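Colleague: Provided below: coords_28.cif, containing mmCIF, C-alpha atoms.
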data_protein
loop_
_atom_site.label_atom_id
_atom_site.label_comp_id
_atom_site.auth_asym_id
_atom_site.auth_seq_id
_atom_site.Cartn_x
_atom_site.Cartn_y
_atom_site.Cartn_z
CA VAL A 1429 63.17 130.22 289.40
CA LYS A 1430 64.36 127.01 291.05
CA GLY A 1431 62.05 124.47 289.40
CA LYS A 1432 62.30 122.88 285.96
CA GLY A 1433 59.72 123.35 283.26
CA ILE A 1434 58.77 124.24 279.71
CA VAL A 1435 56.44 126.88 278.27
CA LEU A 1436 53.90 125.89 275.60
CA GLY A 1437 52.79 129.03 273.81
CA ILE A 1438 49.73 129.74 271.66
CA SER A 1439 50.46 132.76 269.49
CA ASP A 1440 47.73 135.19 268.45
CA VAL A 1441 50.39 137.53 267.06
CA VAL A 1442 50.41 137.49 263.26
CA THR A 1443 54.19 137.40 262.92
CA GLY A 1444 54.49 134.91 265.79
CA GLU A 1445 57.27 136.44 267.94
CA ILE A 1446 57.42 134.64 271.28
CA GLU A 1447 58.22 137.82 273.23
CA ALA A 1448 55.06 139.54 271.92
CA ILE A 1449 52.47 137.02 273.14
CA GLY A 1450 50.76 136.88 276.50
CA SER A 1451 51.57 133.20 277.08
CA ALA A 1452 55.33 133.86 277.17
CA PRO A 1453 55.87 135.78 280.44
CA MET A 1454 59.02 133.81 281.22
CA TYR A 1455 60.76 134.54 277.93
CA THR A 1456 63.86 136.57 278.73
CA LYS A 1457 66.02 136.34 275.62
CA LYS A 1458 64.79 139.65 274.22
CA LEU A 1459 63.93 142.03 277.04
CA PRO A 1460 63.06 145.67 276.20
CA THR A 1461 65.84 148.21 276.63
CA LYS A 1462 65.46 151.72 278.05
CA ARG A 1463 65.71 152.99 274.45
CA ASP A 1464 62.80 150.72 273.38
CA ILE A 1465 60.62 152.20 276.13
CA ASP A 1466 61.59 155.79 275.28
CA LEU A 1467 60.79 155.23 271.58
CA ILE A 1468 57.29 153.95 272.43
CA VAL A 1469 56.62 156.93 274.72
CA SER A 1470 57.85 159.33 272.04
CA HIS A 1471 56.06 157.70 269.10
CA TYR A 1472 52.64 157.65 270.78
CA LYS A 1473 53.20 160.97 272.63
CA LEU A 1474 52.47 159.24 275.92
CA ASP A 1475 54.27 161.96 277.91
CA LYS A 1476 51.11 164.06 277.37
CA LYS A 1477 48.67 161.25 278.17
CA LEU A 1478 50.14 159.42 281.17
CA SER A 1479 50.19 160.54 284.80
CA LYS A 1480 53.39 161.91 286.37
CA LYS A 1481 53.63 158.82 288.59
CA VAL A 1482 53.54 156.42 285.63
CA LEU A 1483 56.01 158.55 283.66
CA GLN A 1484 58.37 158.52 286.65
CA ILE A 1485 58.23 154.72 286.79
CA ILE A 1486 59.01 154.60 283.06
CA GLN A 1487 61.93 157.01 283.48
CA ASN A 1488 63.35 154.86 286.28
CA TYR A 1489 62.99 151.63 284.27
CA THR A 1490 65.95 149.28 284.24
CA PRO A 1491 65.74 145.89 282.46
CA ARG A 1492 65.38 143.04 284.93
CA LYS A 1493 68.21 140.56 285.15
CA LYS A 1494 67.81 137.50 283.00
CA LYS A 1495 66.71 134.58 285.10
CA LYS A 1496 66.74 130.86 284.40
CA GLU A 1497 65.42 130.31 280.90
CA PHE A 1498 62.65 127.78 280.34
CA PRO A 1499 62.49 126.18 276.87
CA HIS A 1500 59.64 127.77 274.86
CA PHE A 1501 57.61 125.98 272.20
CA ILE A 1502 54.90 127.51 269.98
CA ILE A 1503 52.22 124.83 269.64
CA SER A 1504 49.73 126.91 267.65
CA ASP A 1505 49.94 130.08 265.57
CA ASN A 1506 48.43 131.80 262.54
CA GLU A 1507 50.05 129.47 260.02
CA ILE A 1508 49.01 126.32 261.91
CA ALA A 1509 45.42 127.62 262.15
CA LEU A 1510 45.29 128.30 258.40
CA LYS A 1511 46.66 124.84 257.56
CA ALA A 1512 44.06 123.22 259.83
CA GLY A 1513 41.29 125.32 258.26
CA LYS A 1514 42.40 124.37 254.75
CA LYS A 1515 42.51 120.68 255.65
CA GLN A 1516 38.99 120.76 257.12
CA ALA A 1517 37.48 122.84 254.29
CA THR A 1518 38.97 120.50 251.67
CA LYS A 1519 37.56 117.54 253.60
CA LEU A 1520 34.11 119.18 253.41
CA GLY A 1521 34.39 119.34 249.62
CA TYR A 1522 35.45 122.95 249.05
CA LYS A 1523 38.05 124.06 246.56
CA THR A 1524 40.25 125.73 249.15
CA THR A 1525 42.86 128.46 248.85
CA VAL A 1526 44.90 130.40 251.41
CA ALA A 1527 45.23 134.05 250.39
CA PRO A 1528 48.81 135.15 249.56
CA PHE A 1529 48.56 138.08 251.97
CA LEU A 1530 47.70 138.86 255.59
CA LEU A 1531 44.83 140.96 256.90
CA GLY A 1532 45.99 144.22 258.43
CA GLY A 1533 44.81 147.79 258.86
CA GLU A 1534 41.38 149.27 259.57
CA ALA A 1535 38.62 146.61 259.61
CA LYS A 1536 36.17 148.69 257.52
CA VAL A 1537 38.81 149.41 254.88
CA MET A 1538 39.91 145.77 254.70
CA ALA A 1539 36.26 144.68 254.36
CA LYS A 1540 35.98 146.69 251.12
CA LYS A 1541 39.17 145.13 249.74
CA ILE A 1542 38.29 141.56 250.77
CA SER A 1543 34.74 141.83 249.42
CA ARG A 1544 36.14 142.84 246.01
CA TYR A 1545 38.76 140.09 246.22
CA SER A 1546 36.16 137.41 247.07
CA GLN A 1547 33.82 138.58 244.30
CA SER A 1548 36.62 138.37 241.70
CA LEU A 1549 37.56 134.85 242.84
CA LYS A 1550 33.90 133.79 242.76
CA LYS A 1551 33.58 134.92 239.12
CA ARG A 1552 36.64 132.88 238.15
CA SER A 1553 35.41 129.80 240.03
CA SER A 1554 31.69 130.02 239.31
CA LYS A 1555 31.20 126.26 238.95
CA SER A 1556 32.87 125.18 242.19
CA SER A 1557 32.31 125.79 245.90
CA LEU A 1558 35.23 127.94 246.97
CA CYS A 1559 36.62 128.54 250.45
CA ILE A 1560 39.12 131.39 250.90
CA LEU A 1561 41.17 131.44 254.10
CA ILE A 1562 42.90 134.63 255.24
CA GLY A 1563 45.00 135.10 258.35
CA GLY A 1564 45.98 138.32 260.04
CA GLU A 1565 44.68 140.96 262.39
CA THR A 1566 42.75 144.14 261.65
CA THR A 1567 42.40 147.24 263.82
CA VAL A 1568 39.38 149.33 264.78
CA THR A 1569 39.41 153.09 265.33
CA LEU A 1570 36.82 153.52 268.08
CA LYS A 1571 34.34 156.32 267.50
CA GLY A 1572 31.31 154.87 269.27
CA ASN A 1573 30.62 153.17 272.60
CA GLY A 1574 29.16 149.86 271.44
CA LYS A 1575 30.12 146.25 272.07
CA GLY A 1576 32.20 144.18 269.69
CA GLY A 1577 35.69 143.58 268.37
CA ARG A 1578 37.84 143.65 265.25
CA ASN A 1579 36.39 140.39 263.88
CA GLN A 1580 32.73 141.28 264.34
CA GLU A 1581 33.29 144.79 262.99
CA PHE A 1582 35.02 143.30 259.94
CA VAL A 1583 32.07 140.96 259.28
CA LEU A 1584 29.53 143.77 259.73
CA ALA A 1585 31.48 145.92 257.27
CA MET A 1586 31.62 142.94 254.87
CA MET A 1587 27.83 142.63 255.14
CA LYS A 1588 27.49 146.26 254.10
CA GLU A 1589 29.61 145.56 251.00
CA LEU A 1590 28.09 142.16 250.11
CA LYS A 1591 24.43 142.72 251.02
CA ASP A 1592 23.36 141.86 247.44
CA CYS A 1593 25.75 138.91 246.88
CA SER A 1594 23.64 135.83 247.56
CA LYS A 1595 26.40 133.30 246.90
CA ILE A 1596 29.06 134.62 249.28
CA SER A 1597 29.08 134.11 253.06
CA TYR A 1598 31.90 135.04 255.41
CA PHE A 1599 33.20 134.45 258.91
CA SER A 1600 35.89 136.10 260.97
CA GLY A 1601 37.01 134.85 264.38
CA GLY A 1602 39.81 135.37 266.85
CA THR A 1603 42.02 132.34 267.53
CA ASP A 1604 42.05 133.22 271.24
CA GLY A 1605 38.26 132.78 271.37
CA ILE A 1606 37.39 136.33 272.50
CA ASP A 1607 36.74 139.30 270.24
CA GLY A 1608 37.16 142.76 271.76
CA ASN A 1609 34.86 143.55 274.70
CA SER A 1610 32.34 140.85 273.76
CA PRO A 1611 32.06 137.21 274.92
CA TYR A 1612 32.19 135.95 271.31
CA ALA A 1613 35.06 134.81 269.10
CA GLY A 1614 33.68 136.53 266.01
CA ALA A 1615 30.69 136.60 263.68
CA TYR A 1616 29.20 135.05 260.54
CA GLY A 1617 27.54 137.03 257.76
CA SER A 1618 25.50 136.41 254.60
CA VAL A 1619 22.63 137.83 252.55
CA ARG A 1620 20.28 135.77 254.70
CA GLY A 1621 21.58 137.53 257.81
CA TYR A 1622 21.26 140.92 256.14
CA LYS A 1623 17.62 140.25 255.15
CA LYS A 1624 16.91 139.16 258.72
CA SER A 1625 18.28 142.48 259.99
CA ILE A 1626 16.08 144.40 257.52
CA LYS A 1627 12.99 142.54 258.77
CA GLN A 1628 13.89 143.57 262.32
CA GLY A 1629 14.38 147.18 261.26
CA LEU A 1630 18.07 147.23 262.19
CA ASP A 1631 20.18 150.05 260.75
CA LEU A 1632 23.47 148.36 259.79
CA LYS A 1633 25.28 151.68 259.21
CA LYS A 1634 24.23 152.97 262.62
CA TYR A 1635 25.58 149.87 264.40
CA LEU A 1636 28.80 150.13 262.39
CA SER A 1637 29.36 153.80 263.20
CA ASN A 1638 28.76 153.10 266.91
CA ASN A 1639 31.22 150.15 266.88
CA ASP A 1640 28.32 148.00 268.11
CA SER A 1641 28.75 144.96 265.88
CA SER A 1642 28.20 142.46 268.70
CA SER A 1643 24.75 143.84 269.55
CA PHE A 1644 23.82 143.65 265.86
CA PHE A 1645 24.84 140.00 265.49
CA GLU A 1646 23.17 139.01 268.76
CA LYS A 1647 19.86 140.16 267.27
CA ILE A 1648 20.24 138.11 264.06
CA ASP A 1649 21.95 135.06 265.63
CA GLY A 1650 25.17 135.79 263.78
#
Rewrite the structure of this file - the entire thing - as C-alpha coordinates.
Modeller:
Amino acid sequence: VKGKGIVLGISDVVTGEIEAIGSAPMYTKKLPTKRDIDLIVSHYKLDKKLSKKVLQIIQNYTPRKKKKEFPHFIISDNEIALKAGKKQATKLGYKTTVAPFLLGGEAKVMAKKISRYSQSLKKRSSKSSLCILIGGETTVTLKGNGKGGRNQEFVLAMMKELKDCSKISYFSGGTDGIDGNSPYAGAYGSVRGYKKSIKQGLDLKKYLSNNDSSSFFEKIDG
(Lines of atoms letter the chains of each structure in order from A and count residues from 1; the text may use other names and numbers.)
(Lines give C-alpha, C1' and ligand atoms only; values in the text may rest on other atoms or scores of the structure.)
Protein backbone atom coordinates (compact mmCIF):
# COMPACT_ATOMS: atom_id res chain seq x y z
CA VAL A 1 0.00 0.00 0.00
CA LYS A 2 1.68 3.21 -1.16
CA GLY A 3 -1.02 5.76 -0.30
CA LYS A 4 -1.86 7.32 3.05
CA GLY A 5 -5.17 6.86 4.79
CA ILE A 6 -7.19 5.96 7.85
CA VAL A 7 -9.88 3.34 8.46
CA LEU A 8 -13.13 4.34 10.20
CA GLY A 9 -14.77 1.20 11.51
CA ILE A 10 -18.36 0.51 12.58
CA SER A 11 -18.38 -2.53 14.84
CA ASP A 12 -21.32 -4.94 14.93
CA VAL A 13 -19.25 -7.31 17.08
CA VAL A 14 -20.45 -7.30 20.69
CA THR A 15 -16.97 -7.25 22.20
CA GLY A 16 -15.75 -4.75 19.60
CA GLU A 17 -12.44 -6.30 18.44
CA ILE A 18 -11.23 -4.48 15.33
CA GLU A 19 -9.88 -7.65 13.70
CA ALA A 20 -13.30 -9.34 13.93
CA ILE A 21 -15.35 -6.79 11.98
CA GLY A 22 -15.91 -6.61 8.24
CA SER A 23 -14.93 -2.94 7.99
CA ALA A 24 -11.34 -3.64 9.08
CA PRO A 25 -9.81 -5.55 6.14
CA MET A 26 -6.56 -3.60 6.41
CA TYR A 27 -5.96 -4.36 10.07
CA THR A 28 -2.78 -6.43 10.28
CA LYS A 29 -1.71 -6.24 13.92
CA LYS A 30 -3.35 -9.55 14.83
CA LEU A 31 -3.29 -11.90 11.85
CA PRO A 32 -4.41 -15.53 12.34
CA THR A 33 -1.66 -18.11 12.79
CA LYS A 34 -1.60 -21.60 11.29
CA ARG A 35 -2.51 -22.89 14.77
CA ASP A 36 -5.59 -20.60 14.88
CA ILE A 37 -6.81 -22.03 11.58
CA ASP A 38 -6.18 -25.64 12.66
CA LEU A 39 -8.10 -25.10 15.91
CA ILE A 40 -11.15 -23.78 14.01
CA VAL A 41 -11.08 -26.73 11.60
CA SER A 42 -10.78 -29.16 14.51
CA HIS A 43 -13.40 -27.53 16.75
CA TYR A 44 -16.11 -27.43 14.08
CA LYS A 45 -15.02 -30.75 12.47
CA LEU A 46 -14.66 -28.99 9.12
CA ASP A 47 -12.35 -31.71 7.78
CA LYS A 48 -15.53 -33.79 7.27
CA LYS A 49 -17.57 -30.95 5.78
CA LEU A 50 -15.21 -29.11 3.41
CA SER A 51 -14.02 -30.21 -0.03
CA LYS A 52 -10.50 -31.60 -0.52
CA LYS A 53 -9.54 -28.50 -2.52
CA VAL A 54 -10.55 -26.12 0.28
CA LEU A 55 -8.84 -28.29 2.91
CA GLN A 56 -5.66 -28.26 0.82
CA ILE A 57 -5.71 -24.46 0.68
CA ILE A 58 -6.15 -24.38 4.47
CA GLN A 59 -3.27 -26.81 4.97
CA ASN A 60 -1.02 -24.66 2.79
CA TYR A 61 -1.98 -21.45 4.61
CA THR A 62 0.84 -19.12 5.59
CA PRO A 63 0.11 -15.75 7.25
CA ARG A 64 0.58 -12.88 4.82
CA LYS A 65 3.35 -10.42 5.52
CA LYS A 66 2.31 -7.37 7.47
CA LYS A 67 1.96 -4.43 5.16
CA LYS A 68 1.80 -0.71 5.87
CA GLU A 69 -0.56 -0.17 8.77
CA PHE A 70 -3.34 2.38 8.45
CA PRO A 71 -4.58 3.96 11.71
CA HIS A 72 -7.93 2.40 12.70
CA PHE A 73 -10.69 4.19 14.59
CA ILE A 74 -13.97 2.67 15.83
CA ILE A 75 -16.60 5.38 15.33
CA SER A 76 -19.61 3.32 16.40
CA ASP A 77 -20.09 0.13 18.42
CA ASN A 78 -22.50 -1.60 20.79
CA GLU A 79 -21.74 0.70 23.72
CA ILE A 80 -22.11 3.87 21.63
CA ALA A 81 -25.44 2.61 20.25
CA LEU A 82 -26.76 1.91 23.77
CA LYS A 83 -25.70 5.35 25.03
CA ALA A 84 -27.43 7.01 22.06
CA GLY A 85 -30.57 4.93 22.66
CA LYS A 86 -30.62 5.85 26.35
CA LYS A 87 -30.21 9.55 25.56
CA GLN A 88 -33.08 9.52 23.05
CA ALA A 89 -35.43 7.43 25.24
CA THR A 90 -34.82 9.74 28.21
CA LYS A 91 -35.52 12.73 25.97
CA LEU A 92 -38.87 11.13 25.04
CA GLY A 93 -39.81 10.93 28.72
CA TYR A 94 -39.01 7.31 29.57
CA LYS A 95 -37.34 6.16 32.75
CA THR A 96 -34.44 4.48 30.97
CA THR A 97 -32.09 1.72 32.04
CA VAL A 98 -29.36 -0.22 30.25
CA ALA A 99 -29.40 -3.89 31.29
CA PRO A 100 -26.28 -5.03 33.20
CA PHE A 101 -25.77 -7.95 30.81
CA LEU A 102 -25.45 -8.69 27.09
CA LEU A 103 -27.78 -10.75 24.92
CA GLY A 104 -26.22 -14.01 23.81
CA GLY A 105 -27.23 -17.56 22.99
CA GLU A 106 -30.27 -19.00 21.22
CA ALA A 107 -32.85 -16.32 20.33
CA LYS A 108 -35.86 -18.38 21.52
CA VAL A 109 -34.20 -19.15 24.86
CA MET A 110 -33.18 -15.52 25.40
CA ALA A 111 -36.74 -14.40 24.59
CA LYS A 112 -38.04 -16.41 27.55
CA LYS A 113 -35.45 -14.90 29.88
CA ILE A 114 -35.92 -11.32 28.66
CA SER A 115 -39.72 -11.55 28.82
CA ARG A 116 -39.48 -12.61 32.48
CA TYR A 117 -36.91 -9.88 33.13
CA SER A 118 -39.08 -7.17 31.54
CA GLN A 119 -42.19 -8.33 33.41
CA SER A 120 -40.36 -8.16 36.77
CA LEU A 121 -39.07 -4.65 36.02
CA LYS A 122 -42.56 -3.55 34.94
CA LYS A 123 -44.03 -4.70 38.28
CA ARG A 124 -41.41 -2.70 40.19
CA SER A 125 -41.96 0.41 38.05
CA SER A 126 -45.72 0.22 37.55
CA LYS A 127 -46.27 3.99 37.77
CA SER A 128 -43.64 5.06 35.24
CA SER A 129 -43.01 4.49 31.53
CA LEU A 130 -39.92 2.31 31.43
CA CYS A 131 -37.51 1.72 28.56
CA ILE A 132 -35.02 -1.15 28.89
CA LEU A 133 -32.06 -1.20 26.51
CA ILE A 134 -30.08 -4.40 25.94
CA GLY A 135 -27.10 -4.88 23.66
CA GLY A 136 -25.67 -8.10 22.33
CA GLU A 137 -26.18 -10.71 19.66
CA THR A 138 -28.27 -13.88 19.73
CA THR A 139 -27.94 -16.96 17.53
CA VAL A 140 -30.52 -19.01 15.64
CA THR A 141 -30.35 -22.76 15.10
CA LEU A 142 -31.94 -23.15 11.66
CA LYS A 143 -34.49 -25.93 11.40
CA GLY A 144 -36.80 -24.43 8.78
CA ASN A 145 -36.39 -22.71 5.41
CA GLY A 146 -38.11 -19.39 6.09
CA LYS A 147 -36.97 -15.79 5.83
CA GLY A 148 -35.73 -13.75 8.76
CA GLY A 149 -32.84 -13.20 11.12
CA ARG A 150 -31.79 -13.31 14.76
CA ASN A 151 -33.57 -10.04 15.63
CA GLN A 152 -36.90 -10.89 14.03
CA GLU A 153 -36.83 -14.41 15.45
CA PHE A 154 -36.14 -12.97 18.91
CA VAL A 155 -39.13 -10.59 18.62
CA LEU A 156 -41.42 -13.37 17.37
CA ALA A 157 -40.36 -15.56 20.30
CA MET A 158 -40.97 -12.60 22.65
CA MET A 159 -44.47 -12.25 21.19
CA LYS A 160 -45.15 -15.88 22.04
CA GLU A 161 -44.12 -15.23 25.66
CA LEU A 162 -45.81 -11.81 26.05
CA LYS A 163 -49.00 -12.33 24.03
CA ASP A 164 -51.14 -11.48 27.09
CA CYS A 165 -49.03 -8.56 28.41
CA SER A 166 -50.78 -5.45 27.12
CA LYS A 167 -48.35 -2.95 28.64
CA ILE A 168 -45.09 -4.28 27.22
CA SER A 169 -43.87 -3.75 23.65
CA TYR A 170 -40.47 -4.70 22.30
CA PHE A 171 -38.12 -4.10 19.40
CA SER A 172 -34.92 -5.77 18.28
CA GLY A 173 -32.78 -4.51 15.41
CA GLY A 174 -29.34 -5.04 13.95
CA THR A 175 -27.00 -2.03 14.03
CA ASP A 176 -25.81 -2.89 10.52
CA GLY A 177 -29.36 -2.41 9.19
CA ILE A 178 -29.86 -5.94 7.82
CA ASP A 179 -31.21 -8.92 9.73
CA GLY A 180 -30.36 -12.38 8.38
CA ASN A 181 -31.62 -13.12 4.86
CA SER A 182 -34.28 -10.40 4.97
CA PRO A 183 -34.15 -6.75 3.82
CA TYR A 184 -35.16 -5.51 7.30
CA ALA A 185 -33.13 -4.41 10.31
CA GLY A 186 -35.43 -6.14 12.79
CA ALA A 187 -39.01 -6.19 14.06
CA TYR A 188 -41.41 -4.65 16.58
CA GLY A 189 -43.88 -6.63 18.67
CA SER A 190 -46.80 -6.01 21.03
CA VAL A 191 -50.19 -7.41 22.05
CA ARG A 192 -51.72 -5.30 19.29
CA GLY A 193 -49.51 -7.06 16.73
CA TYR A 194 -50.37 -10.46 18.18
CA LYS A 195 -54.13 -9.75 17.97
CA LYS A 196 -53.66 -8.64 14.37
CA SER A 197 -51.99 -11.96 13.58
CA ILE A 198 -54.87 -13.87 15.20
CA LYS A 199 -57.40 -11.97 13.05
CA GLN A 200 -55.43 -12.99 9.96
CA GLY A 201 -55.33 -16.61 11.09
CA LEU A 202 -51.53 -16.69 11.38
CA ASP A 203 -50.02 -19.55 13.38
CA LEU A 204 -47.18 -17.90 15.35
CA LYS A 205 -45.67 -21.24 16.44
CA LYS A 206 -45.60 -22.49 12.86
CA TYR A 207 -43.73 -19.41 11.63
CA LEU A 208 -41.32 -19.71 14.56
CA SER A 209 -40.56 -23.39 13.93
CA ASN A 210 -39.95 -22.65 10.22
CA ASN A 211 -37.60 -19.73 11.06
CA ASP A 212 -39.95 -17.54 9.00
CA SER A 213 -40.22 -14.52 11.28
CA SER A 214 -39.83 -12.00 8.45
CA SER A 215 -42.84 -13.33 6.54
CA PHE A 216 -44.89 -13.16 9.74
CA PHE A 217 -44.01 -9.52 10.45
CA GLU A 218 -44.55 -8.49 6.83
CA LYS A 219 -48.17 -9.62 7.19
CA ILE A 220 -48.81 -7.59 10.38
CA ASP A 221 -46.67 -4.55 9.45
CA GLY A 222 -44.20 -5.32 12.22
Colleague: Got a sec: who's within 6 Å of Ser1641 of chain A, counting all atoms listed in the file, leaving out chain neighbours fewer than 2 positions off, as a VMD selection string?
Modeller: chain A and resid 1576 1580 to 1581 1639 1643 to 1644
Colleague: What's around Glu1534 of chain A at 12 Å? Count all atoms listed in the file, leave out sequence neighbours fewer than 3 positions away in its own chain, and write the answer as a PDB file with C-alpha atoms, in the frame of the given file.
Modeller:
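Saved the output as result.pdb:
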ATOM      1  CA  LEU A1531      44.830 140.960 256.900  1.00  0.00           C
ATOM      2  CA  VAL A1537      38.810 149.410 254.880  1.00  0.00           C
ATOM      3  CA  MET A1538      39.910 145.770 254.700  1.00  0.00           C
ATOM      4  CA  ALA A1539      36.260 144.680 254.360  1.00  0.00           C
ATOM      5  CA  LYS A1540      35.980 146.690 251.120  1.00  0.00           C
ATOM      6  CA  LYS A1541      39.170 145.130 249.740  1.00  0.00           C
ATOM      7  CA  GLY A1564      45.980 138.320 260.040  1.00  0.00           C
ATOM      8  CA  GLU A1565      44.680 140.960 262.390  1.00  0.00           C
ATOM      9  CA  THR A1566      42.750 144.140 261.650  1.00  0.00           C
ATOM     10  CA  THR A1567      42.400 147.240 263.820  1.00  0.00           C
ATOM     11  CA  VAL A1568      39.380 149.330 264.780  1.00  0.00           C
ATOM     12  CA  THR A1569      39.410 153.090 265.330  1.00  0.00           C
ATOM     13  CA  LEU A1570      36.820 153.520 268.080  1.00  0.00           C
ATOM     14  CA  GLY A1577      35.690 143.580 268.370  1.00  0.00           C
ATOM     15  CA  ARG A1578      37.840 143.650 265.250  1.00  0.00           C
ATOM     16  CA  ASN A1579      36.390 140.390 263.880  1.00  0.00           C
ATOM     17  CA  GLU A1581      33.290 144.790 262.990  1.00  0.00           C
ATOM     18  CA  PHE A1582      35.020 143.300 259.940  1.00  0.00           C
ATOM     19  CA  ALA A1585      31.480 145.920 257.270  1.00  0.00           C
TER      20      ALA A1585
END
Colleague: To verify the selection step, state as an MDAnalysis selection string which residues the PyMOL selection byres ((chain A and resi 1615-1625) around 9) yields on this input.
Modeller: chainID A and resid 1579:1584 1586:1588 1590:1601 1612:1614 1626:1632 1641:1642 1644:1645 1647:1650
Colleague: By how many Å are atom CA of Lys1634 of chain A and atom CA of Pro1611 of chain A apart?
Modeller: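 Separation between atom CA of Lys1634 of chain A and atom CA of Pro1611 of chain A: 21.5 Å.
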Colleague: Find the residue from A:Thr1456, A:Thr1524, A:Ser1504, A:Asn1488 that sits nearest to Asp1604 of chain A; use all atoms listed in the file when measuring.
Modeller: A:Ser1504
Colleague: Please indicate the distance in Å from atom CA of Ile1468 of chain A to atom CA of Ile1486 of chain A, rounded to one decimal place.
Modeller: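 Calculated distance between atom CA of Ile1468 of chain A and atom CA of Ile1486 of chain A is 10.8 Å.
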Colleague: Can you tell me how far atom CA of Thr1525 of chain A sits from atom CA of Ile1560 of chain A, in Å to one decimal?
Modeller: 5.2 Å
Colleague: Find, counting only C-alpha atoms, the residue in A:Thr1461, A:Thr1443, A:Asn1609, A:Asn1573 that gets nearest to Leu1636 of chain A.
Modeller: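 Going through A:Thr1461, A:Thr1443, A:Asn1609, A:Asn1573 one by one, the smallest distance to Leu1636 of chain A is for A:Asn1573.
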Colleague: Would you mind putting N, CA and C atoms back on segment 1562-1591 of chain A and writing the result as an mmCIF file, in the frame of the given file?
Modeller:
data_model
loop_
_atom_site.group_PDB
_atom_site.id
_atom_site.type_symbol
_atom_site.label_atom_id
_atom_site.label_comp_id
_atom_site.auth_asym_id
_atom_site.auth_seq_id
_atom_site.Cartn_x
_atom_site.Cartn_y
_atom_site.Cartn_z
ATOM 1 N N ILE A 1562 41.987 133.483 255.098
ATOM 2 C CA ILE A 1562 42.900 134.630 255.240
ATOM 3 C C ILE A 1562 43.264 134.798 256.709
ATOM 4 N N GLY A 1563 44.550 134.872 256.980
ATOM 5 C CA GLY A 1563 45.000 135.100 258.350
ATOM 6 C C GLY A 1563 45.391 136.550 258.536
ATOM 7 N N GLY A 1564 45.537 136.957 259.778
ATOM 8 C CA GLY A 1564 45.980 138.320 260.040
ATOM 9 C C GLY A 1564 45.256 138.949 261.211
ATOM 10 N N GLU A 1565 45.304 140.248 261.283
ATOM 11 C CA GLU A 1565 44.680 140.960 262.390
ATOM 12 C C GLU A 1565 44.390 142.395 261.974
ATOM 13 N N THR A 1566 43.126 142.772 262.004
ATOM 14 C CA THR A 1566 42.750 144.140 261.650
ATOM 15 C C THR A 1566 42.754 145.026 262.896
ATOM 16 N N THR A 1567 42.532 146.304 262.699
ATOM 17 C CA THR A 1567 42.400 147.240 263.820
ATOM 18 C C THR A 1567 41.083 147.982 263.696
ATOM 19 N N VAL A 1568 40.631 148.560 264.783
ATOM 20 C CA VAL A 1568 39.380 149.330 264.780
ATOM 21 C C VAL A 1568 39.637 150.673 265.452
ATOM 22 N N THR A 1569 39.333 151.749 264.740
ATOM 23 C CA THR A 1569 39.410 153.090 265.330
ATOM 24 C C THR A 1569 38.065 153.358 266.006
ATOM 25 N N LEU A 1570 38.062 153.365 267.328
ATOM 26 C CA LEU A 1570 36.820 153.520 268.080
ATOM 27 C C LEU A 1570 36.277 154.936 268.001
ATOM 28 N N LYS A 1571 35.019 155.028 267.560
ATOM 29 C CA LYS A 1571 34.340 156.320 267.500
ATOM 30 C C LYS A 1571 33.011 156.270 268.268
ATOM 31 N N GLY A 1572 32.555 155.044 268.533
ATOM 32 C CA GLY A 1572 31.310 154.870 269.270
ATOM 33 C C GLY A 1572 31.561 154.221 270.612
ATOM 34 N N ASN A 1573 30.479 153.790 271.283
ATOM 35 C CA ASN A 1573 30.620 153.170 272.600
ATOM 36 C C ASN A 1573 29.905 151.828 272.657
ATOM 37 N N GLY A 1574 29.862 151.142 271.513
ATOM 38 C CA GLY A 1574 29.160 149.860 271.440
ATOM 39 C C GLY A 1574 29.988 148.693 271.923
ATOM 40 N N LYS A 1575 29.475 147.498 271.651
ATOM 41 C CA LYS A 1575 30.120 146.250 272.070
ATOM 42 C C LYS A 1575 30.545 145.473 270.828
ATOM 43 N N GLY A 1576 31.740 144.954 270.843
ATOM 44 C CA GLY A 1576 32.200 144.180 269.690
ATOM 45 C C GLY A 1576 33.706 144.023 269.691
ATOM 46 N N GLY A 1577 34.253 143.771 268.513
ATOM 47 C CA GLY A 1577 35.690 143.580 268.370
ATOM 48 C C GLY A 1577 36.064 143.645 266.907
ATOM 49 N N ARG A 1578 37.345 143.505 266.625
ATOM 50 C CA ARG A 1578 37.840 143.650 265.250
ATOM 51 C C ARG A 1578 37.200 142.645 264.291
ATOM 52 N N ASN A 1579 36.965 141.415 264.756
ATOM 53 C CA ASN A 1579 36.390 140.390 263.880
ATOM 54 C C ASN A 1579 34.923 140.669 263.548
ATOM 55 N N GLN A 1580 34.145 140.996 264.569
ATOM 56 C CA GLN A 1580 32.730 141.280 264.340
ATOM 57 C C GLN A 1580 32.534 142.555 263.521
ATOM 58 N N GLU A 1581 33.376 143.547 263.768
ATOM 59 C CA GLU A 1581 33.290 144.790 262.990
ATOM 60 C C GLU A 1581 33.624 144.516 261.523
ATOM 61 N N PHE A 1582 34.628 143.667 261.300
ATOM 62 C CA PHE A 1582 35.020 143.300 259.940
ATOM 63 C C PHE A 1582 33.868 142.617 259.209
ATOM 64 N N VAL A 1583 33.196 141.681 259.887
ATOM 65 C CA VAL A 1583 32.070 140.960 259.280
ATOM 66 C C VAL A 1583 30.897 141.896 259.002
ATOM 67 N N LEU A 1584 30.623 142.812 259.927
ATOM 68 C CA LEU A 1584 29.530 143.770 259.730
ATOM 69 C C LEU A 1584 29.825 144.684 258.541
ATOM 70 N N ALA A 1585 31.084 145.090 258.413
ATOM 71 C CA ALA A 1585 31.480 145.920 257.270
ATOM 72 C C ALA A 1585 31.425 145.120 255.970
ATOM 73 N N MET A 1586 31.733 143.831 256.037
ATOM 74 C CA MET A 1586 31.620 142.940 254.870
ATOM 75 C C MET A 1586 30.151 142.833 254.445
ATOM 76 N N MET A 1587 29.262 142.745 255.434
ATOM 77 C CA MET A 1587 27.830 142.630 255.140
ATOM 78 C C MET A 1587 27.330 143.873 254.409
ATOM 79 N N LYS A 1588 27.858 145.018 254.779
ATOM 80 C CA LYS A 1588 27.490 146.260 254.100
ATOM 81 C C LYS A 1588 27.910 146.209 252.631
ATOM 82 N N GLU A 1589 29.080 145.636 252.360
ATOM 83 C CA GLU A 1589 29.610 145.560 251.000
ATOM 84 C C GLU A 1589 28.954 144.451 250.174
ATOM 85 N N LEU A 1590 28.578 143.346 250.834
ATOM 86 C CA LEU A 1590 28.090 142.160 250.110
ATOM 87 C C LEU A 1590 26.607 141.887 250.339
ATOM 88 N N LYS A 1591 25.849 142.926 250.692
ATOM 89 C CA LYS A 1591 24.430 142.720 251.020
ATOM 90 C C LYS A 1591 23.597 142.198 249.853
#
